[in-house]
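Heads up: the structure comes next, in structure tokens.
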Amino acid sequence: MVKKEFQAESKRLLDLMINSIYTHKEIFLREIISNASDAIDKLCYQSLTDDKVGLSRDDFKIEIRLDKDNRTITVSDNGIGMGQEELENNLGVIARSGSYQFRREVDKDAAVDIIGQFGVGFYSAFMIAEKITVVTKKYGEETAYRWESSGADGYTITPCEKETVGTDIIMSVKADTEEEQYSSYLESWQIFQLVKRYSDYIRWPIRMEMAQRRVKEGSAEDKPEYETVMEWKTLNSMIPLWQRQRSEVSDEEYASFYQDKFFDYEKPQRVITASVEGSVTYKALMFVPANRPADMNTLDFKPGLQLYSSGVMIMEHCEDLLPEYLDFVRGIVDSPDLSLNISRELLQHDRQLKVISTSLEKKIRGDLAKMLQEDRAGYEKLHANFGRNLKFGLVAPQFMKAREALQEMVLFLSSTEKKPVTFSEYVDRMSEEQKYIYYAAGESAALLDTLPQAERIREKGWEILYFTDQLDELVAQNLREYKGKELRSVVDGDLGLEDENEEKETEEKTELLTFVKNTLGERVKEVRLSRKLKSHPVCLTAGGGLSFEMEKYMRRAQPEMALRADRILELNAAHPAVQALERARTEDSAKAEKYAKILFDQAVLIAGLTIDDPTEYTDLVCELMK
Ligand code: ADP
């Protein structure tokens with residue numbers, strides 16, 4: 001019996017497998033099962049036109065046998081089998097398909113990555129086996145063959161006996177080492193779990209003998225005795241939920257699938273399905289969780305959909321499938337157009353994957369837009385959890401193309417409606433007189449409800465959008481307008497309110513304004529008359545492009561930058577307190593200075609900022625009380 005050498009590349013690949021430091025060696029089973037399933041596909045196809053096959057669709061199966069004494073795992077299929085030449089060509093060299101990529105020079109890390117993400121076919125079994133024996137009989141041939149290899153030193157092929165058509169892959173499991181418990185692959189529960197994890201949707205039954213506890217026959221009903229028996233069981237569920245028509249699957253089925261697969265104790269908020277045939281073919285089953293995952297903003301959070309190729313999982317978290325702003329969507333994409341063996345870096349540039357991802361993004365957005373129309377309460381809940389993500393999509397430059405769609409999907413609390421509303425709803429309600437879409441930024445709706453700057457707007461009955469999320473202001477800065485209507489902050493200097501007397505009034509009050517500015521010095525950038533105030537004497541407006549909310553946020557985030565928005569003090573000339581200041585200015589300027597300082601500090605407090613010198617402020621108030 002002549003021992004044959006592996007071809008050079010196969011040898012390198014083999015070396016890599018034998019000495020693999022890769023930690024998920026378990027994927028070998030997925031690879032061997034996938035090959036078995038392909039072989040069955042081929043014979044099943046043959047049987048459609050060839051009566052001699054003698055097997056019907058229900059006869060096909062993959063069987064796994066574990067032999068602890070001899071330390072072997074055997075995976076058997078009744079598929080097409082291999083002849084001598086095929087054994088030579090298929091197992092003696094790297095298969096032409098996926099592993100082909102391996103011909104390129106790869107460094108060790110990249111190699112580990114390739115094993116991890118995609119496996120490298122048959123050879124991966126050498127990660128756990130010291131010897132592999134393949135006993136196979138090809139359909140239509142008389143002779144069966146035994147292929148045997150203990151790795152690097154080559155392989156032998158000899159004729160042998162095998163009754164039925166098909167292939168047995170017998171893996172002699174390596175001895176345990178300090179790092180690796182290879183024996184665990186001889187445990188049925190371990191194999192069961194691996195089949196569930198990687199091969200649950202293989203179309204053919206994967207069967208194995210499992211220990212089963214049951215009531216002993218003849219034992220008393222009130223005092224049952226139990227016994228453990230070995231029983232053949234089908235391990236995989238076979239039909240993937242996403243291959244079924246949406247109308248055939250119940251909400252409960254979807255929910256329990258989601259909860260099992262993505263470890264959520266709650267049912268999903270929304271189920272989104274997609275079935276696309278065309279330049280690429282894929283099916284997708286996606287879910288929006290009912291709650292924001294606790295680890296969503298941490299490094300532990302792993303976004304991405306699971307990627308399958310014809311029922312076999314090839315990647316657990318494929319981040320390239322969805323834009324970042326849709327990170328919260330969980331689910332599965334299955335495309336027969338993707339090859340099982342394709343390296344991660346190639347996948348990133350894969351045209352098919354790009355087409356799928358563009359199509360998925362549209363599909364999800366479309367579905368959420370539909371939800372907004374049809375299930376408002378549900379959408380509001382979803383938005384409460386993931387609205388931030390959508391807003392992130394609106395402000396991040398890389399998602400420019402999505403803006404038009406996303407601006408229709410974000411909600412803000414309305415001052416008049418007292419509930420979240422869209423830009424579109426706002427604009428529809430705008431009065432003819434109203435020029436801008438008004439917004440007010442602050443920590444909470446309760447605070448914004450009493451914002452003095454918004455008084456005149458409120459009085460007109462106009463709606464204000466409350467920006468309580470830090471991203472909201474960035475949305476305004478990035479969009480600038482919605483359908484031709486400019487977004488304006490209520491603390492902006494120009495609110496587009498008509499006021500004929502404005503200039504005249506300012507002229508009349510120039511002296512007062514100059515007096516206050518001189519009194520406050522560097523504390524304020526400008527002092528001016530207000531057109532927004534009604535019942536409050538003063539308010540503070542931010543200048544210089546930075547809002548007070550942003551200032552507060554930046555101070556927390558990056559205190560060392562000490563960013564400060566310009567303070568502009570606005571006075572309400574009609575208010576008694578300001579009139580008192582005006583009188584004091586001519587009668588007792590020392591007193592007037594105190595008034596000016598107090599009013600300024602009050603404006604600072606109302607803006608939610610801290611006053612520079614609280615002691616000075618309280619002293620001043622006390623003096624006036626004397
Ligand atoms: P790939 O599956 O990417 O082609 P593998 O190294 O896993 O690469 O397998 C090489 C080839 O060996 C397969 O393409 C197939 O032709 C053949 N083969 C492997 N396992 C079986 C099997 N159980 N029955 C029939 N042919 C098989």
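How things are named: the first chain in the structure tokens is A, the next is B, and so on; residues count from 1 in each chain; ligands count from 1 in the order shown.
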With the cut-off set at 6 Å and counting only C-alpha atoms and all ligand atoms, tabulate each residue of chain A with an atom at most that distance from an atom of ligand 1, showing the nearest atom pair and its distance in Å to one decimal, ordered by chain and increasing number, as a Markdown table.
```
| residue | atom | partner | partner_atom_place_in_ligand_line | distance |
| --- | --- | --- | --- | --- |
| A:Asn35 | CA | ligand 1 | 20 (N) | 4.5 |
| A:Ala36 | CA | ligand 1 | 23 (N) | 3.9 |
| A:Ala39 | CA | ligand 1 | 24 (N) | 4.7 |
| A:Ile80 | CA | ligand 1 | 25 (C) | 5.9 |
| A:Gly81 | CA | ligand 1 | 25 (C) | 4.5 |
| A:Met82 | CA | ligand 1 | 25 (C) | 5.5 |
| A:Asn90 | CA | ligand 1 | 12 (O) | 4.3 |
| A:Leu91 | CA | ligand 1 | 12 (O) | 5.6 |
| A:Ala95 | CA | ligand 1 | 8 (O) | 4.6 |
| A:Ser97 | CA | ligand 1 | 3 (O) | 5.2 |
| A:Gly98 | CA | ligand 1 | 3 (O) | 5.0 |
| A:Gly121 | CA | ligand 1 | 7 (O) | 3.2 |
| A:Phe122 | CA | ligand 1 | 7 (O) | 3.8 |
| A:Tyr123 | CA | ligand 1 | 6 (O) | 5.9 |
| A:Thr167 | CA | ligand 1 | 23 (N) | 5.2 |
```
- Message: Env of A:Gln602: 10 Å cut, atoms = only C-alpha atoms, seq-sep filter 2 positions within chain, self excluded. Answer as a PyMOL selection string.
- Response: chain A and resi 537-540+596-600+604-609+611+617
List as a PyMOL selection string the protein and nucleic acid residues near stretch 477-490 of chain A, meaning an atom at most 7 Å away when only C-alpha atoms are counted, but skip any in the same chain fewer than 6 places from it.
chain A and resi 395+436-440+453-454
Those selected residues, please, written with N, CA and C atoms and delivered as a short mmCIF file (atom, residue, chain, number, x, y, z; two decimals), in the first residue's frame.
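Saved to out-v5.cif:
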```cif
data_model
loop_
_atom_site.label_atom_id
_atom_site.label_comp_id
_atom_site.auth_asym_id
_atom_site.auth_seq_id
_atom_site.Cartn_x
_atom_site.Cartn_y
_atom_site.Cartn_z
N VAL A 395 -27.58 62.45 12.09
CA VAL A 395 -26.48 63.41 12.29
C VAL A 395 -25.13 62.90 11.79
N TYR A 436 -41.13 79.62 11.44
CA TYR A 436 -40.13 78.60 11.77
C TYR A 436 -40.73 77.41 12.52
N ILE A 437 -39.95 76.32 12.51
CA ILE A 437 -40.25 75.19 13.40
C ILE A 437 -39.48 75.49 14.69
N TYR A 438 -40.20 75.69 15.78
CA TYR A 438 -39.52 76.07 17.02
C TYR A 438 -39.15 74.87 17.85
N TYR A 439 -37.99 74.96 18.47
CA TYR A 439 -37.63 73.91 19.42
C TYR A 439 -37.01 74.54 20.65
N ALA A 440 -37.10 73.81 21.75
CA ALA A 440 -36.48 74.25 22.99
C ALA A 440 -35.68 73.08 23.56
N GLN A 453 -38.18 82.21 27.89
CA GLN A 453 -37.94 82.62 26.50
C GLN A 453 -39.05 82.19 25.55
N ALA A 454 -39.75 81.13 25.94
CA ALA A 454 -40.75 80.59 25.02
C ALA A 454 -42.13 81.22 25.23
#
```
Go through A:Thr281, A:Met127, A:Trp462, A:Gly166 one by one, measure the shortest atom-to-atom distance of each to A:Glu141 using only C-alpha atoms, and give the residue with the smallest value.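 Distance minimum relative to A:Glu141 lands on A:Gly166.
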Exercise for the section: Find the spatial neighbours of stretch 362-374 of chain A, counting only C-alpha atoms, within a cut-off of 10 Å - ignore same-chain residues fewer than 5 positions away - and output them as number ranges by chain. Expected result: A: 270-274, 286-288, 322, 326, 329, 357, 379-380, 382-383, 390, 402, 405-406, 408-410, 422
Shortest contact to A:Tyr201, candidates A:Gly151, A:Pro240, A:Pro323, A:Gly218, atoms counted only C-alpha atoms, goes to A:Pro240
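Note that atom CA of A:Asp566 and atom CA of A:Phe423 are 29.1 Å apart.
The space between atom CA of A:Thr514 and atom CA of A:Arg528 spans 9.1 Å.
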Residue with the minimum atom-to-atom distance to A:Ile170, picked from A:Arg71, A:Lys3, A:Arg292, A:Lys594 with only C-alpha atoms counted, is A:Arg71
Shell around A:Val491 at 12 Å using only C-alpha atoms, local window under 6 positions removed, as a tab-separated table (two decimals) with C-alpha atoms, in the first residue's frame:
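And here's part33.tsv as it stands now:
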```tsv
chain	number	residue	atom	x	y	z
A	438	TYR	CA	-39.52	76.07	17.02
A	439	TYR	CA	-37.63	73.91	19.42
A	440	ALA	CA	-36.48	74.25	22.99
A	441	ALA	CA	-33.59	72.26	24.40
A	442	GLY	CA	-33.44	71.33	28.06
A	448	LEU	CA	-39.13	73.49	29.24
A	451	LEU	CA	-39.01	78.40	29.94
A	452	PRO	CA	-39.45	82.20	29.96
A	453	GLN	CA	-37.94	82.62	26.50
A	454	ALA	CA	-40.75	80.59	25.02
A	455	GLU	CA	-43.49	82.73	26.50
A	456	ARG	CA	-44.39	84.74	23.44
A	457	ILE	CA	-44.37	81.64	21.25
A	464	ILE	CA	-42.62	73.88	20.32
A	530	SER	CA	-36.47	91.01	24.67
A	531	ARG	CA	-39.24	90.24	22.26
A	532	LYS	CA	-39.94	86.88	23.75
A	533	LEU	CA	-40.70	87.65	27.35
A	539	CYS	CA	-33.88	85.67	30.33
A	540	LEU	CA	-30.57	84.49	29.11
A	541	THR	CA	-29.91	83.70	25.46
A	542	ALA	CA	-26.91	81.82	24.19
A	543	GLY	CA	-24.71	83.36	21.55
A	545	GLY	CA	-23.25	78.98	18.21
A	546	LEU	CA	-23.15	76.95	21.41
A	547	SER	CA	-26.33	76.39	23.35
A	548	PHE	CA	-26.47	76.19	27.14
A	549	GLU	CA	-27.52	72.55	26.90
A	567	ARG	CA	-24.40	84.95	27.65
A	568	ILE	CA	-26.83	87.47	26.24
A	569	LEU	CA	-29.12	89.07	28.78
A	570	GLU	CA	-32.57	90.01	27.56
A	607	ALA	CA	-31.32	78.91	32.25
```
Give me, as an mmCIF file with all heavy atoms, in the first residue's frame, all polymer residues having an atom no more than 12 Å from A:Gln579, counting only C-alpha atoms and skipping those fewer than 2 positions away in the same chain.
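In the end it all went to selection_21.cif:
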```cif
data_model
loop_
_atom_site.group_PDB
_atom_site.id
_atom_site.type_symbol
_atom_site.label_atom_id
_atom_site.label_comp_id
_atom_site.auth_asym_id
_atom_site.auth_seq_id
_atom_site.Cartn_x
_atom_site.Cartn_y
_atom_site.Cartn_z
ATOM 1 N N LYS A 509 -34.306 102.864 25.083
ATOM 2 C CA LYS A 509 -33.722 102.190 26.245
ATOM 3 C C LYS A 509 -32.201 102.047 26.155
ATOM 4 O O LYS A 509 -31.608 101.331 26.957
ATOM 5 C CB LYS A 509 -34.335 100.781 26.401
ATOM 6 C CG LYS A 509 -35.827 100.791 26.617
ATOM 7 C CD LYS A 509 -36.160 101.136 28.061
ATOM 8 C CE LYS A 509 -37.621 100.936 28.366
ATOM 9 N NZ LYS A 509 -38.435 102.171 28.238
ATOM 10 N N LEU A 512 -30.301 102.523 29.404
ATOM 11 C CA LEU A 512 -30.504 101.444 30.369
ATOM 12 C C LEU A 512 -29.652 100.229 29.988
ATOM 13 O O LEU A 512 -28.946 99.645 30.811
ATOM 14 C CB LEU A 512 -31.983 101.041 30.419
ATOM 15 C CG LEU A 512 -32.282 99.781 31.233
ATOM 16 C CD1 LEU A 512 -32.041 100.016 32.718
ATOM 17 C CD2 LEU A 512 -33.704 99.294 30.997
ATOM 18 N N PRO A 537 -39.167 89.007 33.929
ATOM 19 C CA PRO A 537 -38.381 90.216 33.682
ATOM 20 C C PRO A 537 -37.173 89.987 32.772
ATOM 21 O O PRO A 537 -36.828 90.848 31.965
ATOM 22 C CB PRO A 537 -37.919 90.636 35.083
ATOM 23 C CG PRO A 537 -37.946 89.378 35.906
ATOM 24 C CD PRO A 537 -39.042 88.534 35.331
ATOM 25 N N VAL A 538 -36.520 88.833 32.930
ATOM 26 C CA VAL A 538 -35.266 88.629 32.199
ATOM 27 C C VAL A 538 -35.149 87.200 31.691
ATOM 28 O O VAL A 538 -35.789 86.292 32.191
ATOM 29 C CB VAL A 538 -34.032 88.842 33.125
ATOM 30 C CG1 VAL A 538 -33.726 90.293 33.337
ATOM 31 C CG2 VAL A 538 -34.217 88.091 34.439
ATOM 32 N N LEU A 571 -33.855 91.830 28.473
ATOM 33 C CA LEU A 571 -34.706 92.483 29.471
ATOM 34 C C LEU A 571 -36.120 92.687 28.918
ATOM 35 O O LEU A 571 -36.292 93.027 27.753
ATOM 36 C CB LEU A 571 -34.135 93.858 29.833
ATOM 37 C CG LEU A 571 -32.707 93.904 30.390
ATOM 38 C CD1 LEU A 571 -32.299 95.355 30.642
ATOM 39 C CD2 LEU A 571 -32.606 93.098 31.677
ATOM 40 N N ASN A 572 -37.089 92.468 29.766
ATOM 41 C CA ASN A 572 -38.477 92.724 29.390
ATOM 42 C C ASN A 572 -38.864 94.115 29.915
ATOM 43 O O ASN A 572 -39.170 94.288 31.098
ATOM 44 C CB ASN A 572 -39.348 91.635 30.024
ATOM 45 C CG ASN A 572 -40.830 91.852 29.782
ATOM 46 O OD1 ASN A 572 -41.233 92.817 29.113
ATOM 47 N ND2 ASN A 572 -41.640 90.953 30.324
ATOM 48 N N ALA A 573 -38.829 95.096 29.006
ATOM 49 C CA ALA A 573 -39.004 96.488 29.417
ATOM 50 C C ALA A 573 -40.367 96.751 30.051
ATOM 51 O O ALA A 573 -40.547 97.710 30.795
ATOM 52 C CB ALA A 573 -38.800 97.401 28.210
ATOM 53 N N ALA A 574 -41.320 95.876 29.771
ATOM 54 C CA ALA A 574 -42.668 96.091 30.295
ATOM 55 C C ALA A 574 -42.831 95.550 31.713
ATOM 56 O O ALA A 574 -43.864 95.722 32.345
ATOM 57 C CB ALA A 574 -43.670 95.423 29.366
ATOM 58 N N HIS A 575 -41.822 94.835 32.193
ATOM 59 C CA HIS A 575 -41.949 94.191 33.500
ATOM 60 C C HIS A 575 -41.638 95.168 34.643
ATOM 61 O O HIS A 575 -40.688 95.946 34.540
ATOM 62 C CB HIS A 575 -40.994 92.995 33.573
ATOM 63 C CG HIS A 575 -41.307 92.071 34.701
ATOM 64 N ND1 HIS A 575 -40.878 92.317 35.968
ATOM 65 C CD2 HIS A 575 -42.017 90.911 34.743
ATOM 66 C CE1 HIS A 575 -41.307 91.337 36.758
ATOM 67 N NE2 HIS A 575 -41.996 90.472 36.028
ATOM 68 N N PRO A 576 -42.414 95.143 35.742
ATOM 69 C CA PRO A 576 -42.200 96.068 36.859
ATOM 70 C C PRO A 576 -40.777 96.036 37.424
ATOM 71 O O PRO A 576 -40.229 97.076 37.794
ATOM 72 C CB PRO A 576 -43.193 95.577 37.921
ATOM 73 C CG PRO A 576 -44.187 94.754 37.200
ATOM 74 C CD PRO A 576 -43.586 94.283 35.932
ATOM 75 N N ALA A 577 -40.176 94.857 37.446
ATOM 76 C CA ALA A 577 -38.822 94.768 38.014
ATOM 77 C C ALA A 577 -37.826 95.544 37.166
ATOM 78 O O ALA A 577 -36.926 96.214 37.671
ATOM 79 C CB ALA A 577 -38.405 93.309 38.132
ATOM 80 N N LEU A 581 -35.699 98.989 37.956
ATOM 81 C CA LEU A 581 -34.267 99.164 37.659
ATOM 82 C C LEU A 581 -34.056 100.485 36.923
ATOM 83 O O LEU A 581 -33.152 101.265 37.225
ATOM 84 C CB LEU A 581 -33.794 97.973 36.801
ATOM 85 C CG LEU A 581 -32.434 98.093 36.112
ATOM 86 C CD1 LEU A 581 -31.307 98.141 37.139
ATOM 87 C CD2 LEU A 581 -32.193 96.921 35.151
ATOM 88 N N GLU A 582 -34.898 100.726 35.949
ATOM 89 C CA GLU A 582 -34.822 101.954 35.158
ATOM 90 C C GLU A 582 -34.934 103.194 36.060
ATOM 91 O O GLU A 582 -34.164 104.146 35.943
ATOM 92 C CB GLU A 582 -35.965 101.909 34.124
ATOM 93 C CG GLU A 582 -36.164 103.140 33.281
ATOM 94 C CD GLU A 582 -35.130 103.271 32.176
ATOM 95 O OE1 GLU A 582 -33.950 103.040 32.473
ATOM 96 O OE2 GLU A 582 -35.513 103.613 31.036
ATOM 97 N N ARG A 583 -35.894 103.154 37.007
ATOM 98 C CA ARG A 583 -36.087 104.294 37.916
ATOM 99 C C ARG A 583 -34.858 104.482 38.799
ATOM 100 O O ARG A 583 -34.338 105.573 38.958
ATOM 101 C CB ARG A 583 -37.316 104.071 38.800
ATOM 102 C CG ARG A 583 -38.622 104.517 38.158
ATOM 103 C CD ARG A 583 -39.727 104.661 39.205
ATOM 104 N NE ARG A 583 -39.883 103.474 40.041
ATOM 105 C CZ ARG A 583 -40.567 102.383 39.646
ATOM 106 N NH1 ARG A 583 -41.140 102.329 38.452
ATOM 107 N NH2 ARG A 583 -40.677 101.357 40.455
ATOM 108 N N ALA A 584 -34.369 103.356 39.355
ATOM 109 C CA ALA A 584 -33.222 103.425 40.260
ATOM 110 C C ALA A 584 -32.001 104.014 39.554
ATOM 111 O O ALA A 584 -31.166 104.672 40.159
ATOM 112 C CB ALA A 584 -32.907 102.030 40.793
ATOM 113 N N ARG A 585 -31.894 103.711 38.237
ATOM 114 C CA ARG A 585 -30.718 104.159 37.492
ATOM 115 C C ARG A 585 -30.567 105.686 37.566
ATOM 116 O O ARG A 585 -29.464 106.217 37.707
ATOM 117 C CB ARG A 585 -30.844 103.719 36.034
ATOM 118 C CG ARG A 585 -29.596 103.927 35.202
ATOM 119 C CD ARG A 585 -29.782 103.327 33.839
ATOM 120 N NE ARG A 585 -30.888 103.958 33.112
ATOM 121 C CZ ARG A 585 -30.787 105.108 32.441
ATOM 122 N NH1 ARG A 585 -29.651 105.758 32.396
ATOM 123 N NH2 ARG A 585 -31.842 105.608 31.806
ATOM 124 N N THR A 586 -31.677 106.397 37.516
ATOM 125 C CA THR A 586 -31.589 107.852 37.568
ATOM 126 C C THR A 586 -31.557 108.363 39.010
ATOM 127 O O THR A 586 -30.957 109.381 39.302
ATOM 128 C CB THR A 586 -32.774 108.497 36.820
ATOM 129 O OG1 THR A 586 -33.971 107.831 37.233
ATOM 130 C CG2 THR A 586 -32.591 108.378 35.327
ATOM 131 N N ALA A 592 -29.236 100.630 41.633
ATOM 132 C CA ALA A 592 -29.509 100.099 40.295
ATOM 133 C C ALA A 592 -28.512 99.006 39.928
ATOM 134 O O ALA A 592 -28.860 98.002 39.300
ATOM 135 C CB ALA A 592 -29.462 101.224 39.266
ATOM 136 N N TYR A 595 -29.643 95.866 41.523
ATOM 137 C CA TYR A 595 -30.776 95.303 40.781
ATOM 138 C C TYR A 595 -30.284 94.551 39.544
ATOM 139 O O TYR A 595 -30.724 93.442 39.238
ATOM 140 C CB TYR A 595 -31.724 96.423 40.344
ATOM 141 C CG TYR A 595 -32.628 96.958 41.436
ATOM 142 C CD1 TYR A 595 -32.512 96.507 42.746
ATOM 143 C CD2 TYR A 595 -33.609 97.909 41.141
ATOM 144 C CE1 TYR A 595 -33.351 97.019 43.736
ATOM 145 C CE2 TYR A 595 -34.447 98.416 42.118
ATOM 146 C CZ TYR A 595 -34.317 97.968 43.430
ATOM 147 O OH TYR A 595 -35.133 98.464 44.395
ATOM 148 N N ALA A 596 -29.383 95.190 38.838
ATOM 149 C CA ALA A 596 -28.893 94.589 37.585
ATOM 150 C C ALA A 596 -28.243 93.238 37.867
ATOM 151 O O ALA A 596 -28.461 92.255 37.150
ATOM 152 C CB ALA A 596 -27.908 95.535 36.903
#
```
**Request:** Calculate how many Å separate atom CA of A:Ala294 from atom CA of A:Lys381, rounding to one decimal.
**Result:**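 Taking atom CA of A:Ala294 and atom CA of A:Lys381, their separation equals 16.2 Å.
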### Task
Do a neighbour search on A:Lys552 at 10 Å with only C-alpha atoms, toss out local chain neighbours closer than 6 positions, and write the hits as a list in words.
Gln558, Pro559, Ala562, Leu563, Arg564, Ala565, Gly608 and Leu609 of chain A
Legend entry - All helix (DSSP H, G or I) positions in stretch 305-378 of chain A, as JSON, numbers by chain: {"A": [319, 320, 321, 324, 325, 326, 344, 345, 346, 347, 348, 351, 352, 353, 354, 355, 356, 357, 358, 359, 360, 361, 362, 363, 364, 365, 366, 367, 368, 369, 370, 371, 372, 373, 374, 376, 377, 378]}
With C-alpha atoms retained, write the just-selected residues as a PDB file, in the first residue's frame.
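Everything below was put into selection34.pdb:
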```pdb
ATOM      1  CA  GLU A 319     -21.741  43.857  11.190  1.00  0.00           C
ATOM      2  CA  ASP A 320     -21.525  44.664   7.516  1.00  0.00           C
ATOM      3  CA  LEU A 321     -25.146  43.745   6.954  1.00  0.00           C
ATOM      4  CA  GLU A 324     -24.715  51.391  12.461  1.00  0.00           C
ATOM      5  CA  TYR A 325     -27.896  53.300  13.170  1.00  0.00           C
ATOM      6  CA  LEU A 326     -29.834  50.043  12.870  1.00  0.00           C
ATOM      7  CA  ARG A 344     -13.933  37.635   6.381  1.00  0.00           C
ATOM      8  CA  GLU A 345     -11.937  40.246   4.586  1.00  0.00           C
ATOM      9  CA  LEU A 346     -13.278  39.119   1.242  1.00  0.00           C
ATOM     10  CA  LEU A 347     -16.763  39.163   2.647  1.00  0.00           C
ATOM     11  CA  GLN A 348     -16.401  42.826   3.451  1.00  0.00           C
ATOM     12  CA  ARG A 351     -20.672  42.606  -3.900  1.00  0.00           C
ATOM     13  CA  GLN A 352     -23.527  40.304  -2.974  1.00  0.00           C
ATOM     14  CA  LEU A 353     -23.256  41.282   0.649  1.00  0.00           C
ATOM     15  CA  LYS A 354     -23.351  44.979  -0.257  1.00  0.00           C
ATOM     16  CA  VAL A 355     -26.475  44.486  -2.332  1.00  0.00           C
ATOM     17  CA  ILE A 356     -28.097  42.568   0.508  1.00  0.00           C
ATOM     18  CA  SER A 357     -27.191  45.218   3.047  1.00  0.00           C
ATOM     19  CA  THR A 358     -28.575  48.080   0.953  1.00  0.00           C
ATOM     20  CA  SER A 359     -31.750  46.151   0.405  1.00  0.00           C
ATOM     21  CA  LEU A 360     -32.089  45.288   4.099  1.00  0.00           C
ATOM     22  CA  GLU A 361     -31.606  48.886   5.188  1.00  0.00           C
ATOM     23  CA  LYS A 362     -34.434  50.017   2.912  1.00  0.00           C
ATOM     24  CA  LYS A 363     -36.607  47.136   3.982  1.00  0.00           C
ATOM     25  CA  ILE A 364     -36.236  47.904   7.688  1.00  0.00           C
ATOM     26  CA  ARG A 365     -36.797  51.623   7.240  1.00  0.00           C
ATOM     27  CA  GLY A 366     -39.843  50.914   5.124  1.00  0.00           C
ATOM     28  CA  ASP A 367     -41.230  48.590   7.739  1.00  0.00           C
ATOM     29  CA  LEU A 368     -40.702  51.053  10.577  1.00  0.00           C
ATOM     30  CA  ALA A 369     -42.316  53.825   8.543  1.00  0.00           C
ATOM     31  CA  LYS A 370     -45.293  51.540   8.038  1.00  0.00           C
ATOM     32  CA  MET A 371     -45.395  50.812  11.738  1.00  0.00           C
ATOM     33  CA  LEU A 372     -45.473  54.542  12.457  1.00  0.00           C
ATOM     34  CA  GLN A 373     -48.622  54.786  10.338  1.00  0.00           C
ATOM     35  CA  GLU A 374     -50.341  51.641  11.526  1.00  0.00           C
ATOM     36  CA  ARG A 376     -48.576  54.446  16.660  1.00  0.00           C
ATOM     37  CA  ALA A 377     -48.386  53.251  20.247  1.00  0.00           C
ATOM     38  CA  GLY A 378     -46.009  50.440  19.313  1.00  0.00           C
TER      39      GLY A 378
END
```
